[in-house]
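Trainee: Before we start, here is the structure in question, set down as C-alpha coordinates.
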Amino acid sequence: MSREARRAQLIASTIETLAARGYSRITLTDVARAAGLSHGLVLFHFESKERLLAETLNFLAEEYRQNWQAALSRAGSDPAERLNALIEADFNPAICTPSRLAAWCSFWGEAQSRPIYQELCGDKDDAYNRQLEDICQQLSDAGGYGHLARHVARVIRVTIEGTWLDLMTMTAPYDRDEALTTVRTCVAMCFPEHFTPEGLRHGPHRQG
(Lines give C-alpha, C1' and ligand atoms only; values in the text may rest on other atoms or scores of the structure.)
Protein backbone atom coordinates (compact mmCIF):
# COMPACT_ATOMS: atom_id res chain seq x y z
CA MET A 1 0.00 0.00 0.00
CA SER A 2 1.08 3.58 -0.60
CA ARG A 3 1.95 5.78 2.37
CA GLU A 4 -1.31 7.72 1.94
CA ALA A 5 -3.39 4.54 1.76
CA ARG A 6 -1.70 3.09 4.84
CA ARG A 7 -2.29 6.28 6.81
CA ALA A 8 -5.94 6.28 5.74
CA GLN A 9 -6.23 2.66 6.91
CA LEU A 10 -4.79 3.56 10.31
CA ILE A 11 -7.06 6.59 10.71
CA ALA A 12 -10.08 4.41 9.89
CA SER A 13 -8.93 1.92 12.53
CA THR A 14 -8.46 4.76 15.02
CA ILE A 15 -12.05 5.90 14.47
CA GLU A 16 -13.32 2.38 15.15
CA THR A 17 -11.07 2.02 18.19
CA LEU A 18 -12.16 5.37 19.62
CA ALA A 19 -15.74 4.19 19.28
CA ALA A 20 -14.95 1.00 21.19
CA ARG A 21 -12.58 2.29 23.89
CA GLY A 22 -12.88 6.07 24.14
CA TYR A 23 -10.26 8.80 24.03
CA SER A 24 -8.55 8.18 27.34
CA ARG A 25 -8.22 4.38 26.97
CA ILE A 26 -7.11 4.10 23.36
CA THR A 27 -3.56 2.85 22.73
CA LEU A 28 -1.41 2.45 19.65
CA THR A 29 -1.49 -1.30 20.25
CA ASP A 30 -5.30 -1.21 20.05
CA VAL A 31 -5.15 0.64 16.74
CA ALA A 32 -2.48 -1.68 15.34
CA ARG A 33 -4.52 -4.73 16.31
CA ALA A 34 -7.68 -3.30 14.71
CA ALA A 35 -5.76 -2.60 11.50
CA GLY A 36 -3.99 -5.96 11.52
CA LEU A 37 -0.61 -4.22 11.57
CA SER A 38 2.36 -3.96 13.90
CA HIS A 39 2.76 -1.38 16.65
CA GLY A 40 5.98 -0.26 14.97
CA LEU A 41 4.25 0.48 11.70
CA VAL A 42 1.77 2.75 13.47
CA LEU A 43 4.69 4.61 15.05
CA PHE A 44 6.42 4.85 11.67
CA HIS A 45 3.46 6.68 10.16
CA PHE A 46 2.32 8.81 13.11
CA GLU A 47 5.23 8.95 15.60
CA SER A 48 3.00 9.07 18.72
CA LYS A 49 -0.49 8.46 20.01
CA GLU A 50 -1.06 12.21 20.25
CA ARG A 51 -0.10 12.73 16.60
CA LEU A 52 -2.36 9.88 15.50
CA LEU A 53 -5.34 11.30 17.42
CA ALA A 54 -4.69 14.78 16.04
CA GLU A 55 -4.56 13.46 12.48
CA THR A 56 -7.75 11.49 13.06
CA LEU A 57 -9.58 14.53 14.40
CA ASN A 58 -8.32 16.60 11.47
CA PHE A 59 -9.60 13.93 9.07
CA LEU A 60 -13.04 13.91 10.68
CA ALA A 61 -13.25 17.71 10.68
CA GLU A 62 -12.21 18.02 7.05
CA GLU A 63 -14.57 15.22 6.00
CA TYR A 64 -17.41 17.03 7.79
CA ARG A 65 -16.52 20.40 6.21
CA GLN A 66 -16.36 18.99 2.70
CA ASN A 67 -19.69 17.21 3.24
CA TRP A 68 -21.71 20.29 4.21
CA GLN A 69 -20.02 22.55 1.68
CA ALA A 70 -20.74 20.07 -1.11
CA ALA A 71 -24.39 19.91 0.00
CA LEU A 72 -24.66 23.71 -0.17
CA SER A 73 -23.03 23.85 -3.59
CA ARG A 74 -25.81 21.62 -4.94
CA ALA A 75 -28.63 23.52 -3.26
CA GLY A 76 -28.80 26.72 -5.29
CA SER A 77 -29.58 30.15 -3.89
CA ASP A 78 -32.97 29.71 -2.19
CA PRO A 79 -32.35 30.02 1.58
CA ALA A 80 -34.96 27.38 2.52
CA GLU A 81 -33.36 24.88 0.15
CA ARG A 82 -29.93 25.77 1.49
CA LEU A 83 -31.03 25.29 5.09
CA ASN A 84 -32.60 21.95 4.20
CA ALA A 85 -29.39 20.88 2.44
CA LEU A 86 -27.30 21.85 5.44
CA ILE A 87 -29.53 19.85 7.78
CA GLU A 88 -29.61 16.79 5.54
CA ALA A 89 -25.82 16.87 5.24
CA ASP A 90 -25.50 16.12 8.97
CA PHE A 91 -27.40 12.87 8.46
CA ASN A 92 -25.60 11.75 5.32
CA PRO A 93 -25.04 7.98 5.84
CA ALA A 94 -21.35 8.47 5.05
CA ILE A 95 -21.00 10.97 7.90
CA CYS A 96 -23.59 9.87 10.44
CA THR A 97 -22.25 6.42 11.32
CA PRO A 98 -22.12 4.88 14.81
CA SER A 99 -18.32 4.83 14.85
CA ARG A 100 -17.97 8.41 13.66
CA LEU A 101 -20.53 9.70 16.13
CA ALA A 102 -18.76 7.88 18.96
CA ALA A 103 -15.38 9.23 17.82
CA TRP A 104 -16.73 12.79 17.77
CA CYS A 105 -18.18 12.32 21.24
CA SER A 106 -14.80 11.05 22.45
CA PHE A 107 -13.13 14.24 21.31
CA TRP A 108 -15.93 16.43 22.70
CA GLY A 109 -16.21 14.71 26.06
CA GLU A 110 -12.64 14.28 27.28
CA ALA A 111 -11.10 17.32 28.92
CA GLN A 112 -7.62 16.37 27.69
CA SER A 113 -8.81 16.49 24.07
CA ARG A 114 -10.36 19.97 24.25
CA PRO A 115 -7.22 22.02 23.45
CA ILE A 116 -6.50 19.93 20.37
CA TYR A 117 -10.15 20.14 19.35
CA GLN A 118 -10.13 23.93 19.59
CA GLU A 119 -6.85 24.16 17.69
CA LEU A 120 -7.92 21.92 14.81
CA CYS A 121 -11.67 22.52 14.63
CA GLY A 122 -12.30 26.01 15.96
CA ASP A 123 -12.03 27.74 12.59
CA LYS A 124 -14.13 25.08 10.86
CA ASP A 125 -16.82 25.33 13.53
CA ASP A 126 -16.86 29.11 13.16
CA ALA A 127 -17.23 28.84 9.37
CA TYR A 128 -20.18 26.45 9.74
CA ASN A 129 -21.86 28.63 12.36
CA ARG A 130 -21.48 31.75 10.23
CA GLN A 131 -22.97 29.96 7.23
CA LEU A 132 -25.91 28.68 9.26
CA GLU A 133 -26.56 32.12 10.72
CA ASP A 134 -26.40 33.74 7.27
CA ILE A 135 -28.93 31.28 5.88
CA CYS A 136 -31.25 31.76 8.87
CA GLN A 137 -31.03 35.54 8.43
CA GLN A 138 -31.85 35.30 4.72
CA LEU A 139 -34.79 33.00 5.39
CA SER A 140 -36.09 35.18 8.23
CA ASP A 141 -35.92 38.25 5.99
CA ALA A 142 -37.53 36.47 3.04
CA GLY A 143 -40.41 35.17 5.14
CA GLY A 144 -40.84 38.20 7.36
CA TYR A 145 -40.29 36.14 10.51
CA GLY A 146 -38.34 38.77 12.40
CA HIS A 147 -36.06 36.23 14.08
CA LEU A 148 -32.66 37.00 15.53
CA ALA A 149 -30.58 34.75 13.30
CA ARG A 150 -27.88 33.79 15.78
CA HIS A 151 -30.47 32.46 18.23
CA VAL A 152 -32.37 30.46 15.62
CA ALA A 153 -29.12 29.06 14.21
CA ARG A 154 -28.01 28.08 17.71
CA VAL A 155 -31.28 26.29 18.43
CA ILE A 156 -31.01 24.34 15.17
CA ARG A 157 -27.36 23.46 15.76
CA VAL A 158 -28.00 22.32 19.34
CA THR A 159 -30.92 20.19 18.14
CA ILE A 160 -28.71 18.51 15.53
CA GLU A 161 -25.98 17.84 18.07
CA GLY A 162 -28.57 16.53 20.53
CA THR A 163 -29.89 13.99 18.05
CA TRP A 164 -26.33 12.90 17.33
CA LEU A 165 -25.88 12.28 21.07
CA ASP A 166 -29.15 10.34 21.18
CA LEU A 167 -28.04 8.13 18.29
CA MET A 168 -24.81 7.38 20.15
CA THR A 169 -25.99 7.05 23.76
CA MET A 170 -29.55 5.67 23.83
CA THR A 171 -30.05 2.00 24.62
CA ALA A 172 -32.50 1.71 21.73
CA PRO A 173 -31.69 4.70 19.51
CA TYR A 174 -34.01 5.86 16.78
CA ASP A 175 -32.71 5.84 13.22
CA ARG A 176 -31.30 8.62 11.03
CA ASP A 177 -34.67 9.32 9.40
CA GLU A 178 -36.28 9.90 12.80
CA ALA A 179 -33.36 12.12 13.80
CA LEU A 180 -33.81 14.16 10.63
CA THR A 181 -37.55 14.48 11.28
CA THR A 182 -36.78 15.69 14.82
CA VAL A 183 -34.50 18.43 13.50
CA ARG A 184 -37.00 19.43 10.82
CA THR A 185 -39.70 19.69 13.50
CA CYS A 186 -37.49 22.22 15.26
CA VAL A 187 -36.91 24.10 12.00
CA ALA A 188 -40.65 24.05 11.21
CA MET A 189 -41.32 25.79 14.53
CA CYS A 190 -38.91 28.55 13.50
CA PHE A 191 -39.91 28.80 9.83
CA PRO A 192 -43.44 27.35 9.55
CA GLU A 193 -44.16 28.88 6.14
CA HIS A 194 -41.18 27.07 4.66
CA PHE A 195 -40.83 23.78 6.56
CA THR A 196 -42.89 20.93 7.97
CA PRO A 197 -41.51 18.01 10.01
CA GLU A 198 -41.39 16.09 6.72
CA GLY A 199 -39.26 18.69 4.94
CA LEU A 200 -39.64 21.70 2.69
CA ARG A 201 -43.12 23.02 2.03
CA HIS A 202 -44.17 22.90 -1.61
CA GLY A 203 -45.71 25.84 -3.37
CA PRO A 204 -44.96 29.55 -2.98
CA HIS A 205 -43.27 30.68 0.20
CA ARG A 206 -44.67 33.54 2.21
CA GLN A 207 -43.05 36.80 1.22
CA GLY A 208 -41.95 39.48 3.66
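Chain labels A, B, ... are given in the sequence in which chains occur in the C-alpha coordinates; within each chain residues are numbered consecutively from 1, and ligands are likewise numbered from 1 in the order shown.
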Could you give me, as a list of chain:residue names, the residues within 12 Å of Asp175 of chain A, counting only C-alpha atoms and dropping anything in the same chain fewer than 5 positions from it?
Mentor: A:Phe91, A:Pro93, A:Cys96, A:Thr97, A:Pro98, A:Thr163, A:Trp164, A:Asp166, A:Leu167, A:Met168, A:Met170, A:Leu180, A:Thr181, A:Thr182
Trainee: Please list as a PDB file with N, CA, C and O atoms, in the first residue's frame every residue within 9 Å of segment 52-56 of chain A, counting only C-alpha atoms and excluding residues in the same chain fewer than 4 positions away.
Mentor:
```
ATOM      1  N   LEU A  10      -5.018   3.403   8.872  1.00  0.00           N
ATOM      2  CA  LEU A  10      -4.794   3.555  10.311  1.00  0.00           C
ATOM      3  C   LEU A  10      -5.754   4.566  10.925  1.00  0.00           C
ATOM      4  O   LEU A  10      -6.218   4.386  12.056  1.00  0.00           O
ATOM      5  N   ILE A  11      -6.081   5.623  10.204  1.00  0.00           N
ATOM      6  CA  ILE A  11      -7.059   6.588  10.710  1.00  0.00           C
ATOM      7  C   ILE A  11      -8.432   5.933  10.820  1.00  0.00           C
ATOM      8  O   ILE A  11      -9.151   6.128  11.811  1.00  0.00           O
ATOM      9  N   ALA A  12      -8.801   5.135   9.822  1.00  0.00           N
ATOM     10  CA  ALA A  12     -10.075   4.410   9.894  1.00  0.00           C
ATOM     11  C   ALA A  12     -10.104   3.475  11.096  1.00  0.00           C
ATOM     12  O   ALA A  12     -11.122   3.369  11.798  1.00  0.00           O
ATOM     13  N   THR A  14      -8.404   3.909  13.829  1.00  0.00           N
ATOM     14  CA  THR A  14      -8.457   4.758  15.024  1.00  0.00           C
ATOM     15  C   THR A  14      -9.884   5.185  15.316  1.00  0.00           C
ATOM     16  O   THR A  14     -10.313   5.208  16.485  1.00  0.00           O
ATOM     17  N   ILE A  15     -10.642   5.531  14.283  1.00  0.00           N
ATOM     18  CA  ILE A  15     -12.053   5.898  14.474  1.00  0.00           C
ATOM     19  C   ILE A  15     -12.813   4.744  15.113  1.00  0.00           C
ATOM     20  O   ILE A  15     -13.571   4.933  16.076  1.00  0.00           O
ATOM     21  N   TYR A  23     -11.491   8.025  24.220  1.00  0.00           N
ATOM     22  CA  TYR A  23     -10.263   8.799  24.028  1.00  0.00           C
ATOM     23  C   TYR A  23      -9.185   8.437  25.044  1.00  0.00           C
ATOM     24  O   TYR A  23      -8.017   8.251  24.691  1.00  0.00           O
ATOM     25  N   LEU A  28      -1.889   2.768  20.992  1.00  0.00           N
ATOM     26  CA  LEU A  28      -1.412   2.447  19.653  1.00  0.00           C
ATOM     27  C   LEU A  28      -1.509   0.949  19.377  1.00  0.00           C
ATOM     28  O   LEU A  28      -1.738   0.533  18.241  1.00  0.00           O
ATOM     29  N   VAL A  42       2.572   1.598  13.063  1.00  0.00           N
ATOM     30  CA  VAL A  42       1.768   2.745  13.469  1.00  0.00           C
ATOM     31  C   VAL A  42       2.695   3.893  13.875  1.00  0.00           C
ATOM     32  O   VAL A  42       2.497   5.047  13.475  1.00  0.00           O
ATOM     33  N   LEU A  43       3.725   3.591  14.642  1.00  0.00           N
ATOM     34  CA  LEU A  43       4.686   4.612  15.050  1.00  0.00           C
ATOM     35  C   LEU A  43       5.424   5.203  13.851  1.00  0.00           C
ATOM     36  O   LEU A  43       5.699   6.403  13.806  1.00  0.00           O
ATOM     37  N   HIS A  45       4.306   5.741  10.903  1.00  0.00           N
ATOM     38  CA  HIS A  45       3.459   6.675  10.159  1.00  0.00           C
ATOM     39  C   HIS A  45       3.021   7.880  10.986  1.00  0.00           C
ATOM     40  O   HIS A  45       2.798   8.963  10.424  1.00  0.00           O
ATOM     41  N   PHE A  46       2.898   7.728  12.306  1.00  0.00           N
ATOM     42  CA  PHE A  46       2.324   8.814  13.107  1.00  0.00           C
ATOM     43  C   PHE A  46       3.180   9.249  14.295  1.00  0.00           C
ATOM     44  O   PHE A  46       2.816  10.211  14.968  1.00  0.00           O
ATOM     45  N   GLU A  47       4.236   8.539  14.612  1.00  0.00           N
ATOM     46  CA  GLU A  47       5.234   8.945  15.605  1.00  0.00           C
ATOM     47  C   GLU A  47       4.761   8.856  17.051  1.00  0.00           C
ATOM     48  O   GLU A  47       5.554   8.567  17.933  1.00  0.00           O
ATOM     49  N   SER A  48       3.497   9.118  17.330  1.00  0.00           N
ATOM     50  CA  SER A  48       3.003   9.070  18.715  1.00  0.00           C
ATOM     51  C   SER A  48       1.487   8.929  18.705  1.00  0.00           C
ATOM     52  O   SER A  48       0.818   9.193  17.691  1.00  0.00           O
ATOM     53  N   LEU A  60     -11.606  13.815  10.440  1.00  0.00           N
ATOM     54  CA  LEU A  60     -13.044  13.907  10.681  1.00  0.00           C
ATOM     55  C   LEU A  60     -13.566  15.319  10.413  1.00  0.00           C
ATOM     56  O   LEU A  60     -14.630  15.495   9.802  1.00  0.00           O
ATOM     57  N   ALA A  61     -12.819  16.327  10.858  1.00  0.00           N
ATOM     58  CA  ALA A  61     -13.250  17.709  10.682  1.00  0.00           C
ATOM     59  C   ALA A  61     -13.266  18.100   9.208  1.00  0.00           C
ATOM     60  O   ALA A  61     -14.192  18.779   8.750  1.00  0.00           O
ATOM     61  N   ILE A 116      -6.754  20.346  21.737  1.00  0.00           N
ATOM     62  CA  ILE A 116      -6.501  19.925  20.365  1.00  0.00           C
ATOM     63  C   ILE A 116      -7.741  20.116  19.514  1.00  0.00           C
ATOM     64  O   ILE A 116      -7.657  20.477  18.333  1.00  0.00           O
ATOM     65  N   TYR A 117      -8.921  19.914  20.111  1.00  0.00           N
ATOM     66  CA  TYR A 117     -10.152  20.139  19.348  1.00  0.00           C
ATOM     67  C   TYR A 117     -10.260  21.610  18.954  1.00  0.00           C
ATOM     68  O   TYR A 117     -10.557  21.934  17.796  1.00  0.00           O
ATOM     69  N   LEU A 120      -7.698  22.491  16.135  1.00  0.00           N
ATOM     70  CA  LEU A 120      -7.921  21.918  14.810  1.00  0.00           C
ATOM     71  C   LEU A 120      -9.301  22.214  14.243  1.00  0.00           C
ATOM     72  O   LEU A 120      -9.472  22.243  13.017  1.00  0.00           O
TER      73      LEU A 120
END
```
Trainee: Rank nothing, just name the residue among A:Ala35, A:Ala149, A:Ala19, A:Ala85 nearest to Cys105 of chain A, using only C-alpha atoms.
Mentor: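 Smallest distance to Cys105 of chain A is found for A:Ala19.
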Trainee: Can I get the residues of segment 62-100 of chain A within 12 Å of segment 183-194 of chain A, each with the closest pair of atoms and their distance in Å to one decimal, using only C-alpha atoms, sorted chain first then ascending number, as CSV?
Mentor:
```
residue,atom,partner,partner_atom,distance
A:Asp78,CA,A:His194,CA,11.0
A:Pro79,CA,A:His194,CA,9.8
A:Ala80,CA,A:His194,CA,6.6
A:Glu81,CA,A:His194,CA,9.3
A:Arg82,CA,A:His194,CA,11.8
A:Leu83,CA,A:Val187,CA,9.1
A:Asn84,CA,A:Arg184,CA,8.3
A:Ala85,CA,A:Arg184,CA,11.4
A:Leu86,CA,A:Val183,CA,11.3
A:Ile87,CA,A:Val183,CA,7.7
A:Glu88,CA,A:Arg184,CA,9.5
A:Asp90,CA,A:Val183,CA,10.3
A:Phe91,CA,A:Val183,CA,10.3
```
Trainee: Would you save the residues of that selection, restricted to N, CA, C and O atoms, as a tab-separated table (two decimals), in the first residue's frame?
Mentor:
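result.tsv, written as the output of this step:
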```tsv
chain	number	residue	atom	x	y	z
A	78	ASP	N	-31.81	29.55	-3.07
A	78	ASP	CA	-32.97	29.71	-2.19
A	78	ASP	C	-32.59	29.36	-0.76
A	78	ASP	O	-32.08	28.26	-0.48
A	79	PRO	N	-32.81	30.28	0.21
A	79	PRO	CA	-32.35	30.02	1.58
A	79	PRO	C	-33.02	28.82	2.23
A	79	PRO	O	-32.39	28.13	3.04
A	80	ALA	N	-34.30	28.56	1.93
A	80	ALA	CA	-34.96	27.38	2.52
A	80	ALA	C	-34.32	26.10	2.00
A	80	ALA	O	-34.09	25.16	2.77
A	81	GLU	N	-34.02	26.06	0.70
A	81	GLU	CA	-33.36	24.88	0.15
A	81	GLU	C	-31.96	24.72	0.71
A	81	GLU	O	-31.49	23.60	0.95
A	82	ARG	N	-31.28	25.83	0.93
A	82	ARG	CA	-29.93	25.77	1.49
A	82	ARG	C	-29.95	25.29	2.94
A	82	ARG	O	-29.10	24.50	3.36
A	83	LEU	N	-30.93	25.76	3.71
A	83	LEU	CA	-31.03	25.29	5.09
A	83	LEU	C	-31.36	23.80	5.12
A	83	LEU	O	-30.78	23.04	5.90
A	84	ASN	N	-32.26	23.37	4.25
A	84	ASN	CA	-32.60	21.95	4.20
A	84	ASN	C	-31.38	21.11	3.81
A	84	ASN	O	-31.14	20.04	4.38
A	85	ALA	N	-30.60	21.60	2.86
A	85	ALA	CA	-29.39	20.88	2.44
A	85	ALA	C	-28.39	20.78	3.57
A	85	ALA	O	-27.75	19.73	3.77
A	86	LEU	N	-28.24	21.85	4.33
A	86	LEU	CA	-27.30	21.85	5.44
A	86	LEU	C	-27.72	20.86	6.51
A	86	LEU	O	-26.88	20.14	7.08
A	87	ILE	N	-29.02	20.79	6.79
A	87	ILE	CA	-29.53	19.85	7.78
A	87	ILE	C	-29.34	18.41	7.30
A	87	ILE	O	-28.85	17.55	8.04
A	88	GLU	N	-29.74	18.14	6.06
A	88	GLU	CA	-29.61	16.79	5.54
A	88	GLU	C	-28.16	16.32	5.50
A	88	GLU	O	-27.88	15.13	5.68
A	90	ASP	N	-25.91	16.67	7.68
A	90	ASP	CA	-25.50	16.12	8.97
A	90	ASP	C	-25.98	14.68	9.17
A	90	ASP	O	-25.51	14.00	10.08
A	91	PHE	N	-26.90	14.23	8.33
A	91	PHE	CA	-27.40	12.87	8.46
A	91	PHE	C	-27.10	12.04	7.21
A	91	PHE	O	-27.71	10.99	6.98
```
Trainee: Going by DSSP on the backbone, which bits of chain A are alpha helix (DSSP H)? Write them as a ChimeraX atom specification, please.
Mentor: /A:3-21,28-35,39-46,49-73,79-89,98-109,114-143,149-169,176-190
